[in-house]
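Engineer: Just dropping this structure here.
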Amino acid sequence: MRLLGPVDLLRSPAVFVVLGVVLLTLVGVSAVEMRSPRNRTYRPPDDNIAVPTDAASLARGKHLVEAVAVCTICHGENLGGKLAFEDAFLGRGYTANLTSGSGGVGRTYSNADWVRSIRYGVRPDGRGIIFMPSDYFNRISDADLGAMIAYLRGLPPVDNARAAVEINFAARILIDLGVFGDVVRAARIDFRGPRTPPPADPGAYLVALGGCTFCHGAHLTGGQGPEPGAPGGPDLTSSGPLSKWSFADFVATMRFGQTPEGHPIEPKYMPWLGYRNMTDNELRSVWRYLRSMSSATAAEPTSATAHAAGGNPR
């Protein structure tokens, strides 16, 4: 039997088949990455937001950051960024350092940069911010957005240069294929049409800004958070389990992270450690709004989206 030499191997049909498969795979991967929301350039509107300096506005901004938008849940108690997840297959996910310390975006961000990042989920270079829930923050009022920016600009500096998502190649491909859902939330916002105004109902506004539909479904009738291992988000309307609760039960659950039935709530999936800082009046507004909803009632959308059309990046 004659052994095949290098020239014979190169002439083998099997080699051409393998090379063809590899080439097609590379072309397919490149096409997926090129179309990925991660790699698009977004051009949100240039909203002119007044950033106040008075003490009341700074206090309002601090409250929104900590208790309603719960920025501290992802960015850490000092907002200097933290390790959000670590997986042998996926890689590591560090959240941004929001302060003016070393490695912090606060060192370079202008007011316009803060507006684009918070309201639209877009970095100064036009790329979308992974995992930033800006389709919820998109409906924040101008006054509240200005108050939040004022507070963030005055944060004590934290030195933390490791504040980026360090995901592996395989994880990037899975994200680009949509396996993990819409991780670049900027792709869900329609930049061409008029921005949907904030809800007039104070409870609806808090629910929208707090991102409750993220886990509890678009109509608050139940859903599923995107995090691996996340439990199902129950129906929050008057048709669901909360129909048996009193307002006192709701407040206790939000303050102490345990349902009236005695079930503890995992703060990793339900950020009650932030929401517990809402005022009694805010919780009452949320409660009244939830009680006004039923499974037969369509909840007010939390954001204007262009998801069906693939967003409006350019």
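Residue numbers start at 1 in each chain; chains themselves are named A, B, ... in the order of the structure tokens; ligands are numbered from 1 in the order shown.
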With a cut-off of 10 Å, could you pull out the residues of segment 93-148 of chain A touching segment 57-65 of chain A and give me the nearest pair of atoms for each, distance in Å to one decimal, using only C-alpha atoms, ordered by chain and ascending number, as JSON lines?

Structural biologist:
```
{"residue": "A:Ala143", "atom": "CA", "partner": "A:Ser57", "partner_atom": "CA", "distance": 8.7}
{"residue": "A:Asp144", "atom": "CA", "partner": "A:Gly61", "partner_atom": "CA", "distance": 6.8}
{"residue": "A:Leu145", "atom": "CA", "partner": "A:Gly61", "partner_atom": "CA", "distance": 7.8}
{"residue": "A:Gly146", "atom": "CA", "partner": "A:Gly61", "partner_atom": "CA", "distance": 7.8}
{"residue": "A:Ala147", "atom": "CA", "partner": "A:Gly61", "partner_atom": "CA", "distance": 4.4}
{"residue": "A:Met148", "atom": "CA", "partner": "A:Gly61", "partner_atom": "CA", "distance": 3.9}
```

Engineer: Give me, as a ChimeraX atom specification, all polymer residues having an atom no more than 12 Å from Gln258 of chain A, counting only C-alpha atoms and skipping those fewer than 3 positions away in the same chain.

Structural biologist: /A:249-255,261-267,270,272-273,276

Engineer: Restrict the selected residues to N, CA and C atoms and save them as an mmCIF file, in the first residue's frame.

Structural biologist:
```cif
data_model
loop_
_atom_site.group_PDB
_atom_site.id
_atom_site.type_symbol
_atom_site.label_atom_id
_atom_site.label_comp_id
_atom_site.auth_asym_id
_atom_site.auth_seq_id
_atom_site.Cartn_x
_atom_site.Cartn_y
_atom_site.Cartn_z
ATOM 1 N N ASP A 249 -48.372 43.476 53.226
ATOM 2 C CA ASP A 249 -47.610 42.319 52.750
ATOM 3 C C ASP A 249 -46.630 42.730 51.659
ATOM 4 N N PHE A 250 -47.111 43.570 50.747
ATOM 5 C CA PHE A 250 -46.269 44.024 49.635
ATOM 6 C C PHE A 250 -45.078 44.827 50.154
ATOM 7 N N VAL A 251 -45.327 45.743 51.067
ATOM 8 C CA VAL A 251 -44.252 46.562 51.630
ATOM 9 C C VAL A 251 -43.236 45.682 52.352
ATOM 10 N N ALA A 252 -43.708 44.732 53.152
ATOM 11 C CA ALA A 252 -42.793 43.850 53.886
ATOM 12 C C ALA A 252 -41.946 43.025 52.923
ATOM 13 N N THR A 253 -42.560 42.573 51.838
ATOM 14 C CA THR A 253 -41.817 41.788 50.848
ATOM 15 C C THR A 253 -40.724 42.625 50.201
ATOM 16 N N MET A 254 -41.041 43.861 49.852
ATOM 17 C CA MET A 254 -40.069 44.736 49.212
ATOM 18 C C MET A 254 -38.993 45.188 50.187
ATOM 19 N N ARG A 255 -39.326 45.319 51.432
ATOM 20 C CA ARG A 255 -38.349 45.796 52.422
ATOM 21 C C ARG A 255 -37.426 44.682 52.919
ATOM 22 N N GLU A 261 -45.849 34.186 52.179
ATOM 23 C CA GLU A 261 -45.871 32.728 52.296
ATOM 24 C C GLU A 261 -44.590 32.178 52.894
ATOM 25 N N GLY A 262 -43.621 33.060 53.163
ATOM 26 C CA GLY A 262 -42.368 32.644 53.788
ATOM 27 C C GLY A 262 -41.265 32.272 52.822
ATOM 28 N N HIS A 263 -41.454 32.580 51.532
ATOM 29 C CA HIS A 263 -40.427 32.247 50.540
ATOM 30 C C HIS A 263 -39.416 33.382 50.428
ATOM 31 N N PRO A 264 -38.127 33.103 50.663
ATOM 32 C CA PRO A 264 -37.113 34.156 50.502
ATOM 33 C C PRO A 264 -36.916 34.494 49.039
ATOM 34 N N ILE A 265 -36.603 35.756 48.761
ATOM 35 C CA ILE A 265 -36.388 36.229 47.397
ATOM 36 C C ILE A 265 -34.896 36.422 47.185
ATOM 37 N N GLU A 266 -34.367 35.790 46.154
ATOM 38 C CA GLU A 266 -32.942 35.866 45.845
ATOM 39 C C GLU A 266 -32.630 37.230 45.233
ATOM 40 N N PRO A 267 -31.846 38.063 45.933
ATOM 41 C CA PRO A 267 -31.563 39.414 45.412
ATOM 42 C C PRO A 267 -30.758 39.409 44.122
ATOM 43 N N MET A 270 -33.952 39.270 41.876
ATOM 44 C CA MET A 270 -34.935 40.313 42.170
ATOM 45 C C MET A 270 -34.257 41.319 43.098
ATOM 46 N N TRP A 272 -34.368 43.451 45.358
ATOM 47 C CA TRP A 272 -35.121 44.101 46.434
ATOM 48 C C TRP A 272 -34.211 44.872 47.376
ATOM 49 N N LEU A 273 -32.906 44.537 47.390
ATOM 50 C CA LEU A 273 -31.974 45.286 48.244
ATOM 51 C C LEU A 273 -31.899 46.751 47.819
ATOM 52 N N ARG A 276 -35.941 48.240 48.291
ATOM 53 C CA ARG A 276 -36.373 48.437 49.682
ATOM 54 C C ARG A 276 -36.179 49.881 50.145
#
```

Engineer: Which distance in Å separates atom CA of Leu79 of chain A and atom CA of Leu98 of chain A, to one decimal?

Structural biologist: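 It comes out at 5.7 Å.
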
Engineer: Based on DSSP run over this structure's backbone, return all residues of segment 30-121 of chain A in strand (DSSP E or B), as a list in words.

Structural biologist: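 Answer for segment 30-121 of chain A restricted to strand (DSSP E or B) is Leu83, Ala84, Phe85, Glu86, Asp87, Gly91, Arg92, Gly93 and Tyr94 of chain A.
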
Engineer: Taking only C-alpha atoms into account, which of A:Ile149, A:Ala164, A:Ile140, A:Ile175 comes nearest Val68 of chain A?

Structural biologist: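 Ranking A:Ile149, A:Ala164, A:Ile140, A:Ile175 by distance to Val68 of chain A, first place goes to A:Ile140.
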
Engineer: If we count only C-alpha atoms, what is near Phe131 of chain A at a cut-off of 8 Å, once residues fewer than 2 positions away on the same chain are taken out, given as a PDB file with C-alpha atoms, in the first residue's frame?

Structural biologist:
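Here's the written file result-v4.pdb:
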```pdb
ATOM      1  CA  ILE A 129     -23.541  48.980  25.913  1.00  0.00           C
ATOM      2  CA  PRO A 133     -31.259  48.243  30.383  1.00  0.00           C
ATOM      3  CA  VAL A 183     -28.170  41.864  25.549  1.00  0.00           C
ATOM      4  CA  VAL A 184     -27.573  45.118  23.635  1.00  0.00           C
ATOM      5  CA  ARG A 185     -30.762  46.888  24.639  1.00  0.00           C
TER       6      ARG A 185
END
```

Engineer: Which is closer to Ala187 of chain A than all the others in A:Ser239, A:Asn39, A:Asn168, A:Ser110, using only C-alpha atoms?

Structural biologist: A:Asn39

Engineer: Go through A:Ala88, A:Cys74, A:Val115, A:Leu209 one by one, measure the shortest atom-to-atom distance of each to Lys268 of chain A using only C-alpha atoms, and give the residue with the smallest value.

Structural biologist: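 Closest to Lys268 of chain A of all the choices is A:Cys74.
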
Engineer: Just the number, please: distance in Å from atom CA of Arg291 of chain A to atom CA of Thr237 of chain A, one decimal.

Structural biologist: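 Between these atoms lies a distance of 6.0 Å.
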
Engineer: If we count only C-alpha atoms, what is near Thr213 of chain A at a cut-off of 10 Å, once residues fewer than 5 positions away on the same chain are taken out, given as a list in words?

Structural biologist: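 Neighbouring residues, sequence-local ones excluded: Tyr136, Val207, Ala208, Ala218, His219, Leu220, Thr221, Gly222, Gly223, Gln224, Gly225, Gly233, Leu236, Ala299, Pro301 and Thr302 of chain A.
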
Engineer: Neighbours of Pro124 of chain A within 8 Å (only C-alpha atoms; same-chain residues fewer than 5 positions away dropped), as a PyMOL selection string?

Structural biologist: chain A and resi 113+116-117

Engineer: Fewer than 4 positions away in the same chain doesn't count, so skip those; otherwise give me all residues within 10 Å of Thr72 of chain A, counting only C-alpha atoms, as a ChimeraX atom specification.

Structural biologist: /A:65-67,76-82,271,273-274

Engineer: Those same residues - N, CA and C atoms - I'd like them written as a PDB file, in the first residue's frame.

Structural biologist:
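Below you can see out-v2.pdb, which holds the result:
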```pdb
ATOM      1  N   VAL A  65     -30.920  56.607  41.606  1.00  0.00           N
ATOM      2  CA  VAL A  65     -29.806  55.701  41.306  1.00  0.00           C
ATOM      3  C   VAL A  65     -29.822  54.485  42.222  1.00  0.00           C
ATOM      4  N   GLU A  66     -30.122  54.698  43.498  1.00  0.00           N
ATOM      5  CA  GLU A  66     -30.008  53.615  44.478  1.00  0.00           C
ATOM      6  C   GLU A  66     -31.295  52.820  44.680  1.00  0.00           C
ATOM      7  N   ALA A  67     -32.454  53.489  44.593  1.00  0.00           N
ATOM      8  CA  ALA A  67     -33.698  52.843  45.007  1.00  0.00           C
ATOM      9  C   ALA A  67     -34.636  52.494  43.860  1.00  0.00           C
ATOM     10  N   GLY A  76     -22.162  48.076  41.773  1.00  0.00           N
ATOM     11  CA  GLY A  76     -21.572  48.041  43.105  1.00  0.00           C
ATOM     12  C   GLY A  76     -22.068  49.171  43.988  1.00  0.00           C
ATOM     13  N   GLU A  77     -21.939  48.963  45.280  1.00  0.00           N
ATOM     14  CA  GLU A  77     -22.437  49.946  46.245  1.00  0.00           C
ATOM     15  C   GLU A  77     -21.782  51.314  46.064  1.00  0.00           C
ATOM     16  N   ASN A  78     -20.498  51.312  45.675  1.00  0.00           N
ATOM     17  CA  ASN A  78     -19.808  52.594  45.460  1.00  0.00           C
ATOM     18  C   ASN A  78     -19.826  53.017  43.995  1.00  0.00           C
ATOM     19  N   LEU A  79     -20.539  52.228  43.162  1.00  0.00           N
ATOM     20  CA  LEU A  79     -20.678  52.496  41.725  1.00  0.00           C
ATOM     21  C   LEU A  79     -19.345  52.500  40.988  1.00  0.00           C
ATOM     22  N   GLY A  80     -18.370  51.831  41.593  1.00  0.00           N
ATOM     23  CA  GLY A  80     -17.053  51.735  40.972  1.00  0.00           C
ATOM     24  C   GLY A  80     -16.871  50.516  40.103  1.00  0.00           C
ATOM     25  N   GLY A  81     -17.975  49.793  39.816  1.00  0.00           N
ATOM     26  CA  GLY A  81     -17.887  48.593  38.992  1.00  0.00           C
ATOM     27  C   GLY A  81     -17.591  47.365  39.827  1.00  0.00           C
ATOM     28  N   LYS A  82     -18.010  46.214  39.337  1.00  0.00           N
ATOM     29  CA  LYS A  82     -17.762  44.972  40.062  1.00  0.00           C
ATOM     30  C   LYS A  82     -17.848  43.794  39.097  1.00  0.00           C
ATOM     31  N   PRO A 271     -33.882  42.495  42.586  1.00  0.00           N
ATOM     32  CA  PRO A 271     -33.028  43.434  43.348  1.00  0.00           C
ATOM     33  C   PRO A 271     -33.771  44.198  44.442  1.00  0.00           C
ATOM     34  N   LEU A 273     -32.906  44.537  47.390  1.00  0.00           N
ATOM     35  CA  LEU A 273     -31.974  45.286  48.244  1.00  0.00           C
ATOM     36  C   LEU A 273     -31.899  46.751  47.819  1.00  0.00           C
ATOM     37  N   GLY A 274     -32.214  47.017  46.547  1.00  0.00           N
ATOM     38  CA  GLY A 274     -32.309  48.398  46.090  1.00  0.00           C
ATOM     39  C   GLY A 274     -33.710  48.943  46.267  1.00  0.00           C
TER      40      GLY A 274
END
```

Engineer: Between atom CA of Leu242 of chain A and atom CA of His216 of chain A, what is the distance, to one decimal in Å?

Structural biologist: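 We find that atom CA of Leu242 of chain A and atom CA of His216 of chain A lie 12.8 Å from each other.
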
Engineer: I'd like to know which of A:Arg153, A:Arg92, A:Arg195, A:Arg172 is closest to Asp47 of chain A, using only C-alpha atoms.

Structural biologist: A:Arg195

Engineer: From the options A:Leu283, A:Ala200, A:Ile173, A:Ala96, which residue's atoms come nearest to Ile130 of chain A, counting only C-alpha atoms?

Structural biologist: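 Closest to Ile130 of chain A, using only C-alpha atoms: A:Ala96.
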